[in-house]
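A.B. asks: Before I ask anything, here is the structure I am working with.
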Amino acid sequence: MRSNFFFYQNRLLCFRDRFLVGMVEWTKPRYTRWFKKNQIAWPQTLQTLKELPRHSLGHDLALFLEREGLHLMPKLETHDVLHVLMNYETTVIDEARMQFFLLGNGKHSLYALFTAVASLLLIPEGLGSFFREFAKGRSCRNISKWKFEYLLAEPTSLLRRLVFEKNKDVGVEAPLVF
């Protein structure tokens with residue numbers, strides 16, 4: 001009897017994850033059409049990103065995309081950059097955690113809010129980590145307005161320090177405005 005419970009629980013979790021991934025795939029083109037219509041897609045390709053200096057944000061982005069078997073999504077490039085910069089995987093729970101971080105960090109988009117509400121309802125086991133990510137986002141430097149396209153040649157480690165060491169001296173003379 002106990003093994004049947006775990007069998008059905010695992011199937012339910014698998015269905016939930018497939019449902020959430022399907023919702024994301026369904027909403028991406030609509031989101032870009034409605035909310036990103038005036039945004040211009042980045043001119044970079046996977047190859048041009050690979051040609052950037054090693055350990056730069058762009059080069060690390062290319063490695064991430066190759067490792068995950070993904071491509072740069074036109075008008076949604078920042079999403080992939082955030083995976084690299086913030087060290088989030090592409091699992092359903094990490095996608096949700098990243099949205100909570102972004103909400104805490106000042107990104108108040110409809111997509112982030114929708115993802116957060118859906119995650120709270122459908123991934124109750126992630127509740128603690130979601131609130132920790134929200135708090136982490138609030139404690140970090142606000143990156144919601146950064147133009148990552150212009151930071152692709154910068155060292156990933158420096159950018160991470162700038163994000164996570166909000167109130168500490170990270171060797172930058174003046175505040176960065178992007």
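In the structure tokens, each chain is lettered A, B, ... as it comes, each chain's residues begin at 1, and ligands are numbered from 1 in order of appearance.
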Quick one: contact table of segment 62-138 of chain A to segment 21-40 of chain A, 10 Å max, nearest atom pair and distance in Å to one decimal per residue, counting only C-alpha atoms, chain and number order, as a Markdown table?
C.D. replies:
| residue | atom | partner | partner_atom | distance |
| --- | --- | --- | --- | --- |
| A:Met73 | CA | A:Lys28 | CA | 9.5 |
| A:Pro74 | CA | A:Ile40 | CA | 8.2 |
| A:Lys75 | CA | A:Ile40 | CA | 6.3 |
| A:Leu76 | CA | A:Thr32 | CA | 7.6 |
| A:Thr91 | CA | A:Val21 | CA | 9.3 |
| A:Val92 | CA | A:Val21 | CA | 7.2 |
| A:Glu95 | CA | A:Val21 | CA | 9.9 |
| A:Ser109 | CA | A:Phe35 | CA | 9.5 |
| A:Leu110 | CA | A:Phe35 | CA | 9.2 |
| A:Tyr111 | CA | A:Tyr31 | CA | 7.8 |
| A:Thr115 | CA | A:Val24 | CA | 8.9 |
A.B. asks: Considering only alpha helix (DSSP H) as DSSP defines it on the backbone, what residues of segment 40-152 of chain A qualify? List them as a ChimeraX atom specification.
C.D. replies: /A:46-50,57-68,77-86,92-105,110-122,127-139
A.B. asks: Please determine, counting only C-alpha atoms, which residue among A:Asn87, A:Glu68, A:Leu13, A:Leu61 has the shortest atom-to-atom distance to Arg160 of chain A.
C.D. replies: A:Asn87
A.B. asks: So, with only C-alpha atoms as the atoms that count, which of A:Val84, A:Ala153, A:Leu46, A:Ile123 lies closest to Asp60 of chain A?
C.D. replies: A:Val84
A.B. asks: To one decimal place, how far is atom CA of Ser56 of chain A from atom CA of Ala112 of chain A in Å?
C.D. replies: 26.7 Å
A.B. asks: Compile the contact shell of Pro124 of chain A as number ranges by chain: residues with an atom at most 12 Å away, counting only C-alpha atoms, same-chain residues fewer than 6 positions apart removed.
C.D. replies: A: 13, 16, 93, 96, 116-118, 130-131
A.B. asks: Given only C-alpha atoms as the basis, pick out the residue of A:Tyr88, A:Phe148, A:Phe100, A:Phe64 nearest to Ser119 of chain A.
C.D. replies: A:Phe100
A.B. asks: A:Leu158, A:Lys145, A:Thr90, A:Gly69: which is nearest Asp17 of chain A, counting only C-alpha atoms?
C.D. replies: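 For Asp17 of chain A, the nearest of the candidates is A:Thr90.
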